[in-house]
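One file, target19.cif, is given below (mmCIF, C-alpha atoms and all ligand atoms).
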data_query
#
loop_
_atom_site.group_PDB
_atom_site.id
_atom_site.type_symbol
_atom_site.label_atom_id
_atom_site.label_comp_id
_atom_site.auth_asym_id
_atom_site.auth_seq_id
_atom_site.Cartn_x
_atom_site.Cartn_y
_atom_site.Cartn_z
ATOM 1 C CA MET V 1 129.900 29.428 71.499
ATOM 2 C CA GLN V 2 129.622 27.715 68.158
ATOM 3 C CA LYS V 3 130.916 24.231 69.016
ATOM 4 C CA THR V 4 130.163 21.325 66.706
ATOM 5 C CA VAL V 5 128.585 18.067 67.842
ATOM 6 C CA ASP V 6 131.990 16.354 67.697
ATOM 7 C CA GLU V 7 133.610 19.089 69.769
ATOM 8 C CA LEU V 8 130.808 18.826 72.313
ATOM 9 C CA ARG V 9 131.222 15.034 72.486
ATOM 10 C CA ARG V 10 134.899 15.535 73.226
ATOM 11 C CA ALA V 11 133.989 18.181 75.824
ATOM 12 C CA ALA V 12 131.554 15.782 77.542
ATOM 13 C CA PHE V 13 134.326 13.190 77.639
ATOM 14 C CA GLU V 14 136.576 15.711 79.426
ATOM 15 C CA ILE V 15 133.813 16.491 81.933
ATOM 16 C CA ARG V 16 133.380 12.765 82.695
ATOM 17 C CA LYS V 17 137.146 12.331 83.021
ATOM 18 C CA ASN V 18 137.281 15.195 85.540
ATOM 19 C CA LEU V 19 134.359 13.736 87.487
ATOM 20 C CA LEU V 20 136.098 10.384 87.729
ATOM 21 C CA GLU V 21 139.366 11.975 88.811
ATOM 22 C CA LEU V 22 137.530 13.771 91.627
ATOM 23 C CA CYS V 23 135.643 10.586 92.444
ATOM 24 C CA SER V 24 138.971 8.799 92.963
ATOM 25 C CA LYS V 25 139.755 11.301 95.747
ATOM 26 C CA GLN V 26 136.358 12.185 97.265
ATOM 27 C CA VAL V 27 132.847 10.843 97.624
ATOM 28 C CA ILE V 28 130.698 12.601 95.028
ATOM 29 C CA HIS V 29 127.192 12.078 93.617
ATOM 30 C CA ILE V 30 128.720 10.355 90.659
ATOM 31 C CA GLY V 31 125.631 8.542 89.292
ATOM 32 C CA GLY V 32 123.534 11.665 88.781
ATOM 33 C CA ASP V 33 126.563 13.711 87.701
ATOM 34 C CA LEU V 34 127.251 11.255 84.889
ATOM 35 C CA SER V 35 123.611 10.991 83.768
ATOM 36 C CA ILE V 36 123.249 14.737 83.210
ATOM 37 C CA ALA V 37 126.835 15.356 81.989
ATOM 38 C CA ASP V 38 125.899 15.531 78.298
ATOM 39 C CA VAL V 39 123.010 17.973 78.784
ATOM 40 C CA MET V 40 125.178 20.115 81.066
ATOM 41 C CA THR V 41 128.059 20.126 78.578
ATOM 42 C CA VAL V 42 125.851 21.356 75.735
ATOM 43 C CA LEU V 43 124.160 23.865 78.035
ATOM 44 C CA TRP V 44 127.399 25.434 79.286
ATOM 45 C CA GLN V 45 129.570 25.083 76.206
ATOM 46 C CA TYR V 46 127.033 25.834 73.499
ATOM 47 C CA GLN V 47 123.729 27.187 74.682
ATOM 48 C CA MET V 48 124.054 29.509 77.647
ATOM 49 C CA LYS V 49 124.821 33.202 77.422
ATOM 50 C CA TYR V 50 127.240 33.621 80.323
ATOM 51 C CA ASN V 51 130.423 35.611 80.784
ATOM 52 C CA PRO V 52 132.651 34.069 83.479
ATOM 53 C CA ASN V 53 134.261 37.477 84.025
ATOM 54 C CA ASP V 54 130.984 39.189 84.835
ATOM 55 C CA THR V 55 128.773 37.107 87.110
ATOM 56 C CA LYS V 56 126.404 40.033 87.708
ATOM 57 C CA ASP V 57 125.799 40.963 84.074
ATOM 58 C CA GLU V 58 122.040 41.648 83.932
ATOM 59 C CA GLN V 59 121.892 40.232 80.420
ATOM 60 C CA ARG V 60 123.298 36.821 81.410
ATOM 61 C CA ASP V 61 121.302 33.623 81.310
ATOM 62 C CA ARG V 62 120.765 32.164 84.772
ATOM 63 C CA PHE V 63 121.358 28.577 85.828
ATOM 64 C CA VAL V 64 119.802 26.855 88.832
ATOM 65 C CA LEU V 65 120.800 23.346 89.865
ATOM 66 C CA SER V 66 117.602 22.169 91.500
ATOM 67 C CA LYS V 67 119.017 18.661 91.978
ATOM 68 C CA GLY V 68 121.705 20.360 94.050
ATOM 69 C CA HIS V 69 123.671 17.187 94.661
ATOM 70 C CA ALA V 70 124.949 17.295 91.049
ATOM 71 C CA SER V 71 127.319 20.043 92.143
ATOM 72 C CA ALA V 72 130.462 18.370 90.810
ATOM 73 C CA VAL V 73 129.297 18.222 87.200
ATOM 74 C CA THR V 74 128.170 21.844 87.460
ATOM 75 C CA SER V 75 131.548 22.948 88.792
ATOM 76 C CA PHE V 76 133.436 21.131 86.034
ATOM 77 C CA CYS V 77 131.137 22.656 83.393
ATOM 78 C CA GLN V 78 131.863 26.091 84.850
ATOM 79 C CA ALA V 79 135.584 25.297 84.938
ATOM 80 C CA ALA V 80 135.406 24.416 81.238
ATOM 81 C CA ILE V 81 134.287 27.965 80.383
ATOM 82 C CA GLY V 82 136.910 29.635 82.582
ATOM 83 C CA CYS V 83 135.125 30.403 85.865
ATOM 84 C CA PHE V 84 138.039 28.646 87.638
ATOM 85 C CA THR V 85 140.172 25.635 86.800
ATOM 86 C CA LYS V 86 139.308 21.969 87.082
ATOM 87 C CA ASP V 87 142.225 21.610 89.506
ATOM 88 C CA ASP V 88 140.634 24.281 91.713
ATOM 89 C CA VAL V 89 137.569 22.053 91.906
ATOM 90 C CA ILE V 90 139.596 18.947 92.702
ATOM 91 C CA ASN V 91 141.883 20.614 95.250
ATOM 92 C CA GLU V 92 139.217 22.608 97.080
ATOM 93 C CA TYR V 93 136.404 20.051 97.039
ATOM 94 C CA ALA V 94 135.107 19.304 100.554
ATOM 95 C CA THR V 95 137.827 21.369 102.267
ATOM 96 C CA ASP V 96 136.930 23.861 105.004
ATOM 97 C CA GLU V 97 137.847 26.938 102.943
ATOM 98 C CA GLY V 98 136.855 25.462 99.563
ATOM 99 C CA ARG V 99 134.284 26.760 97.093
ATOM 100 C CA PHE V 100 133.131 23.277 96.094
ATOM 101 C CA SER V 101 131.330 20.529 97.975
ATOM 102 C CA MET V 102 128.600 17.895 97.664
ATOM 103 C CA HIS V 103 125.982 20.618 97.079
ATOM 104 C CA SER V 104 126.215 24.025 95.385
ATOM 105 C CA CYS V 105 126.638 26.971 97.754
ATOM 106 C CA ASN V 106 126.504 30.627 96.687
ATOM 107 C CA LEU V 107 127.935 31.880 99.985
ATOM 108 C CA VAL V 108 131.386 30.682 98.918
ATOM 109 C CA ASN V 109 131.054 30.415 95.145
ATOM 110 C CA PRO V 110 129.888 33.488 93.169
ATOM 111 C CA TYR V 111 129.139 31.355 90.101
ATOM 112 C CA VAL V 112 126.279 29.671 91.976
ATOM 113 C CA GLU V 113 123.095 31.753 91.547
ATOM 114 C CA VAL V 114 121.304 30.029 94.397
ATOM 115 C CA SER V 115 122.338 27.451 97.004
ATOM 116 C CA THR V 116 120.547 24.136 96.562
ATOM 117 C CA GLY V 117 120.485 20.615 97.954
ATOM 118 C CA SER V 118 117.044 20.381 99.452
ATOM 119 C CA LEU V 119 115.105 18.871 96.566
ATOM 120 C CA GLY V 120 112.096 20.783 95.263
ATOM 121 C CA HIS V 121 113.456 24.240 96.103
ATOM 122 C CA GLY V 122 115.522 25.186 93.063
ATOM 123 C CA PHE V 123 112.706 24.969 90.529
ATOM 124 C CA PRO V 124 110.362 27.407 92.345
ATOM 125 C CA VAL V 125 113.286 29.791 92.835
ATOM 126 C CA ALA V 126 114.114 29.544 89.121
ATOM 127 C CA CYS V 127 110.482 30.371 88.307
ATOM 128 C CA GLY V 128 110.715 33.417 90.569
ATOM 129 C CA MET V 129 113.911 34.509 88.824
ATOM 130 C CA ALA V 130 112.254 34.129 85.415
ATOM 131 C CA ALA V 131 109.269 36.204 86.586
ATOM 132 C CA ALA V 132 111.594 38.864 88.037
ATOM 133 C CA LEU V 133 113.478 39.193 84.734
ATOM 134 C CA ARG V 134 110.199 39.884 82.959
ATOM 135 C CA ARG V 135 109.182 42.481 85.544
ATOM 136 C CA LYS V 136 112.521 44.223 85.103
ATOM 137 C CA GLY V 137 111.903 44.394 81.363
ATOM 138 C CA ASN V 138 114.481 41.778 80.434
ATOM 139 C CA PHE V 139 112.954 39.680 77.633
ATOM 140 C CA THR V 140 116.211 38.219 76.297
ATOM 141 C CA SER V 141 117.771 36.294 79.204
ATOM 142 C CA ARG V 142 116.614 32.795 80.034
ATOM 143 C CA VAL V 143 116.591 30.795 83.252
ATOM 144 C CA TYR V 144 117.772 27.200 82.903
ATOM 145 C CA VAL V 145 117.041 24.751 85.695
ATOM 146 C CA VAL V 146 118.023 21.096 86.124
ATOM 147 C CA MET V 147 115.824 18.783 88.197
ATOM 148 C CA GLY V 148 115.940 15.083 89.009
ATOM 149 C CA ASP V 149 113.130 12.636 88.278
ATOM 150 C CA GLY V 150 113.082 11.606 91.949
ATOM 151 C CA GLU V 151 112.770 15.297 92.732
ATOM 152 C CA GLN V 152 109.429 15.341 90.885
ATOM 153 C CA SER V 153 107.805 13.805 93.968
ATOM 154 C CA GLU V 154 108.220 17.132 95.802
ATOM 155 C CA GLY V 155 104.887 19.016 95.770
ATOM 156 C CA SER V 156 106.663 22.360 95.379
ATOM 157 C CA VAL V 157 107.694 21.319 91.854
ATOM 158 C CA TRP V 158 104.058 21.193 90.766
ATOM 159 C CA GLU V 159 103.073 24.386 92.555
ATOM 160 C CA ALA V 160 105.867 26.117 90.676
ATOM 161 C CA ALA V 161 104.870 24.464 87.385
ATOM 162 C CA MET V 162 101.339 25.855 87.691
ATOM 163 C CA ASN V 163 102.663 29.353 88.306
ATOM 164 C CA ALA V 164 105.248 29.181 85.509
ATOM 165 C CA VAL V 165 102.328 28.753 83.124
ATOM 166 C CA LYS V 166 100.124 31.345 84.819
ATOM 167 C CA TYR V 167 102.900 33.952 84.621
ATOM 168 C CA LYS V 168 103.717 33.000 81.001
ATOM 169 C CA LEU V 169 107.386 32.278 81.706
ATOM 170 C CA GLY V 170 108.572 31.495 78.197
ATOM 171 C CA ASN V 171 112.080 32.416 79.384
ATOM 172 C CA LEU V 172 112.130 29.327 81.626
ATOM 173 C CA VAL V 173 113.766 26.105 80.429
ATOM 174 C CA ALA V 174 113.500 23.186 82.852
ATOM 175 C CA MET V 175 115.441 19.992 82.267
ATOM 176 C CA VAL V 176 114.429 16.785 84.029
ATOM 177 C CA ASP V 177 117.187 14.189 84.310
ATOM 178 C CA PHE V 178 114.955 11.177 83.749
ATOM 179 C CA ASN V 179 117.367 8.378 84.721
ATOM 180 C CA GLY V 180 114.724 6.211 86.399
ATOM 181 C CA LEU V 181 116.549 6.025 89.729
ATOM 182 C CA GLU V 182 116.667 8.104 92.864
ATOM 183 C CA ALA V 183 118.870 7.668 95.943
ATOM 184 C CA ASP V 184 117.999 4.116 96.991
ATOM 185 C CA GLY V 185 116.127 2.553 94.127
ATOM 186 C CA LYS V 186 113.837 2.818 91.144
ATOM 187 C CA ILE V 187 111.502 5.801 90.866
ATOM 188 C CA ASP V 188 108.626 3.430 90.051
ATOM 189 C CA ASP V 189 109.133 1.581 93.355
ATOM 190 C CA VAL V 190 109.135 4.825 95.328
ATOM 191 C CA THR V 191 106.407 6.901 93.722
ATOM 192 C CA ALA V 192 103.854 6.858 90.912
ATOM 193 C CA LEU V 193 105.458 9.380 88.596
ATOM 194 C CA GLY V 194 103.531 8.049 85.588
ATOM 195 C CA ASP V 195 103.751 9.831 82.250
ATOM 196 C CA ILE V 196 105.700 12.887 83.262
ATOM 197 C CA ALA V 197 105.685 14.425 79.758
ATOM 198 C CA GLU V 198 101.888 14.192 79.673
ATOM 199 C CA LYS V 199 101.707 15.756 83.141
ATOM 200 C CA TYR V 200 103.785 18.795 82.144
ATOM 201 C CA ARG V 201 101.782 19.063 78.928
ATOM 202 C CA ALA V 202 98.557 19.091 80.955
ATOM 203 C CA PHE V 203 99.994 21.910 83.071
ATOM 204 C CA GLY V 204 100.561 23.902 79.861
ATOM 205 C CA PHE V 205 104.291 23.468 79.220
ATOM 206 C CA ASN V 206 106.024 23.172 75.878
ATOM 207 C CA VAL V 207 107.381 19.609 76.326
ATOM 208 C CA ARG V 208 110.307 18.062 74.467
ATOM 209 C CA GLU V 209 111.306 14.479 75.201
ATOM 210 C CA PHE V 210 114.574 13.017 73.922
ATOM 211 C CA ASP V 211 117.691 10.962 74.662
ATOM 212 C CA GLY V 212 119.597 13.100 77.162
ATOM 213 C CA ASN V 213 122.845 11.260 76.542
ATOM 214 C CA ASP V 214 122.821 12.027 72.801
ATOM 215 C CA ILE V 215 124.777 15.219 72.176
ATOM 216 C CA ALA V 216 123.299 15.782 68.693
ATOM 217 C CA LYS V 217 119.736 15.441 70.017
ATOM 218 C CA ILE V 218 120.422 17.768 72.954
ATOM 219 C CA LYS V 219 121.858 20.442 70.671
ATOM 220 C CA GLU V 220 118.926 20.051 68.269
ATOM 221 C CA ASN V 221 116.451 20.631 71.101
ATOM 222 C CA PHE V 222 118.243 23.720 72.369
ATOM 223 C CA ASP V 223 118.275 25.031 68.795
ATOM 224 C CA ALA V 224 114.498 24.506 68.590
ATOM 225 C CA LEU V 225 113.654 26.480 71.752
ATOM 226 C CA PRO V 226 110.963 29.115 71.305
ATOM 227 C CA PRO V 227 112.251 32.696 71.645
ATOM 228 C CA ALA V 228 113.032 33.894 75.195
ATOM 229 C CA ASP V 229 110.236 36.479 74.963
ATOM 230 C CA SER V 230 107.560 33.888 74.207
ATOM 231 C CA ASP V 231 104.810 32.951 76.655
ATOM 232 C CA THR V 232 105.100 29.206 77.239
ATOM 233 C CA PRO V 233 107.660 27.646 79.594
ATOM 234 C CA THR V 234 109.610 24.689 78.233
ATOM 235 C CA VAL V 235 110.522 21.417 79.870
ATOM 236 C CA PHE V 236 112.975 18.906 78.459
ATOM 237 C CA ILE V 237 112.351 15.352 79.597
ATOM 238 C CA CYS V 238 115.866 13.993 79.173
ATOM 239 C CA HIS V 239 115.992 10.201 79.079
ATOM 240 C CA THR V 240 119.365 9.324 80.561
ATOM 241 C CA THR V 241 121.254 6.496 82.235
ATOM 242 C CA LYS V 242 122.418 6.973 85.792
ATOM 243 C CA GLY V 243 126.185 6.387 85.880
ATOM 244 C CA ARG V 244 126.375 6.843 82.093
ATOM 245 C CA GLY V 245 129.792 5.958 80.626
ATOM 246 C CA VAL V 246 131.035 3.747 83.461
ATOM 247 C CA GLU V 247 129.783 0.211 82.947
ATOM 248 C CA PHE V 248 129.785 -0.946 86.578
ATOM 249 C CA MET V 249 127.922 2.190 87.684
ATOM 250 C CA GLU V 250 125.204 2.252 85.014
ATOM 251 C CA ASN V 251 121.685 1.815 86.454
ATOM 252 C CA GLN V 252 123.078 0.898 89.873
ATOM 253 C CA PRO V 253 121.479 2.716 92.841
ATOM 254 C CA ARG V 254 124.626 1.880 94.831
ATOM 255 C CA TRP V 255 126.453 4.456 92.693
ATOM 256 C CA HIS V 256 124.137 7.354 93.570
ATOM 257 C CA ALA V 257 127.186 8.536 95.510
ATOM 258 C CA GLY V 258 130.572 6.989 96.122
ATOM 259 C CA LYS V 259 134.305 6.929 95.623
ATOM 260 C CA ILE V 260 136.466 4.813 93.309
ATOM 261 C CA THR V 261 140.046 3.565 93.576
ATOM 262 C CA GLU V 262 142.980 4.878 91.514
ATOM 263 C CA GLU V 263 142.914 1.608 89.555
ATOM 264 C CA GLN V 264 139.212 1.946 88.806
ATOM 265 C CA TYR V 265 139.809 5.523 87.708
ATOM 266 C CA ALA V 266 142.474 4.426 85.211
ATOM 267 C CA GLU V 267 140.213 1.649 83.883
ATOM 268 C CA CYS V 268 137.224 3.985 83.544
ATOM 269 C CA VAL V 269 139.229 6.543 81.576
ATOM 270 C CA ARG V 270 140.501 3.828 79.221
ATOM 271 C CA ALA V 271 136.902 2.679 78.613
ATOM 272 C CA LEU V 272 135.700 6.244 78.023
ATOM 273 C CA GLU V 273 138.544 6.870 75.560
ATOM 274 C CA LYS V 274 137.555 3.744 73.669
ATOM 275 C CA SER V 275 133.934 4.836 73.455
ATOM 276 C CA LEU V 276 135.049 8.144 71.949
ATOM 277 C CA GLU V 277 136.926 6.475 69.061
HETATM 278 C C1 LIG H 301 113.853 17.464 100.321
HETATM 279 C C2 LIG H 301 114.889 16.403 100.190
HETATM 280 N N1 LIG H 301 114.566 15.128 100.521
HETATM 281 C C3 LIG H 301 115.513 14.154 100.432
HETATM 282 C C4 LIG H 301 116.776 14.440 100.010
HETATM 283 C C5 LIG H 301 117.819 13.355 99.965
HETATM 284 N N2 LIG H 301 118.181 13.004 98.597
HETATM 285 C C6 LIG H 301 119.309 13.462 98.035
HETATM 286 S S1 LIG H 301 119.492 12.978 96.458
HETATM 287 C C7 LIG H 301 118.059 12.101 96.503
HETATM 288 C C8 LIG H 301 117.564 11.359 95.298
HETATM 289 C C9 LIG H 301 117.177 12.266 94.227
HETATM 290 O O1 LIG H 301 116.832 11.560 93.079
HETATM 291 P P1 LIG H 301 116.794 12.275 91.699
HETATM 292 O O2 LIG H 301 116.093 13.573 91.843
HETATM 293 O O3 LIG H 301 116.215 11.324 90.713
HETATM 294 O O4 LIG H 301 118.315 12.588 91.414
HETATM 295 P P2 LIG H 301 119.390 11.707 90.578
HETATM 296 O O5 LIG H 301 118.939 10.274 90.601
HETATM 297 O O6 LIG H 301 119.390 12.245 89.204
HETATM 298 O O7 LIG H 301 120.689 11.907 91.273
HETATM 299 C C10 LIG H 301 117.442 12.216 97.746
HETATM 300 C C11 LIG H 301 116.154 11.580 98.105
HETATM 301 C C12 LIG H 301 117.073 15.797 99.674
HETATM 302 N N3 LIG H 301 118.286 16.169 99.234
HETATM 303 N N4 LIG H 301 116.109 16.741 99.769
#
Exercise: express the given structure as structure tokens:
Amino acid sequence: MQKTVDELRRAAFEIRKNLLELCSKQVIHIGGDLSIADVMTVLWQYQMKYNPNDTKDEQRDRFVLSKGHASAVTSFCQAAIGCFTKDDVINEYATDEGRFSMHSCNLVNPYVEVSTGSLGHGFPVACGMAAALRRKGNFTSRVYVVMGDGEQSEGSVWEAAMNAVKYKLGNLVAMVDFNGLEADGKIDDVTALGDIAEKYRAFGFNVREFDGNDIAKIKENFDALPPADSDTPTVFICHTTKGRGVEFMENQPRWHAGKITEEQYAECVRALEKSLE
């Protein structure tokens, strides 16, 4: 999809608007949905090779949401490319028969490659998928995986990172939503993450570090990816703001998950519209 930076900015605005509409009806993981919304918009509406009418196409790119609680932003990004409608997401969210809930589940939703929610699982699975593509002779599809920065404290992330390098998974693109917060507080108060870019570099990754709420920068970094048949896995360290775009939510651990009122929803949309002008 050849969308321009301005079109992608507008698209990210629509994604945020949808998130806030849902958040006025249901509790969602709004903070981490909003922080990664720009990266996800560019990924789904510009970068990824994915046909919503053929979820089993062998040539598709794969997406794994390792921070599985950002299911709402994923569903709205998939709605934007025609997998279903945004009203499907809103109406079915957290209902017994619905395809959408606080975590992504592939038992009910065929657009989810792998069910996630337990942190530290999605990334190793994504590495396995990337290795399997290679073994099957597919050197054109990529596997994209989104992780949280809090999620980096899971040991399985680093086991997988070592193996991604060993197995030369140049078709793997990991994105870390580096918003500085996890569920109850600051990453630095919970764990010693240190210089995460340097850590991935030491493991042997191709590391790109940039503002993950800047659409132009995100697009630029996708454009600069090495070819899918290369040997070095890539990680994007995306510096973001948790709650990005909603002033009272920005950098507030309290808004890891929550629900807003109808009035707050209307106010938030007005503020977002203003920021788009
Ligand atoms: C293995 C595991 N431990 C704990 C949790 C509970 N939990 C859900 S979200 C979250 C915080 C994750 O922080 P981060 O990865 O930084 O995500 P973000 O802040 O971007 O939402 C935690 C601890 C979980 N889902 N899985």
>> Using all atoms listed in the file for the distances, tell me which of V:Thr232, V:Ser156, V:Asn109, V:Thr140 is nearest to ligand LIG 301 (chain H).
In response: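 Using all atoms listed in the file, the shortest distance to ligand LIG 301 (chain H) belongs to V:Ser156.
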>> Given only C-alpha atoms and all ligand atoms as the basis, pick out the residue of V:Lys56, V:Arg135, V:His29, V:Lys199 nearest to ligand LIG 301 (chain H).
In response: V:His29
>> Selection in question (the file shown): the PyMOL selection byres (((not hetatm)) within 6 of (chain H and resi 301)). Which residues does it include, as a PyMOL selection string?
In response: chain V and resi 32+67+117-119+148-151+177+181-183
> Between V:Val207, V:Val146, V:Leu19, V:Ala161, which one has atoms that come closest to Ala79 (chain V), using all atoms listed in the file?
Replying inline: V:Leu19
> Hey, which of V:Tyr167, V:Phe76, V:Tyr46, V:Tyr93 ends up closest to Val27 (chain V)? Count only C-alpha atoms.
Replying inline: V:Tyr93
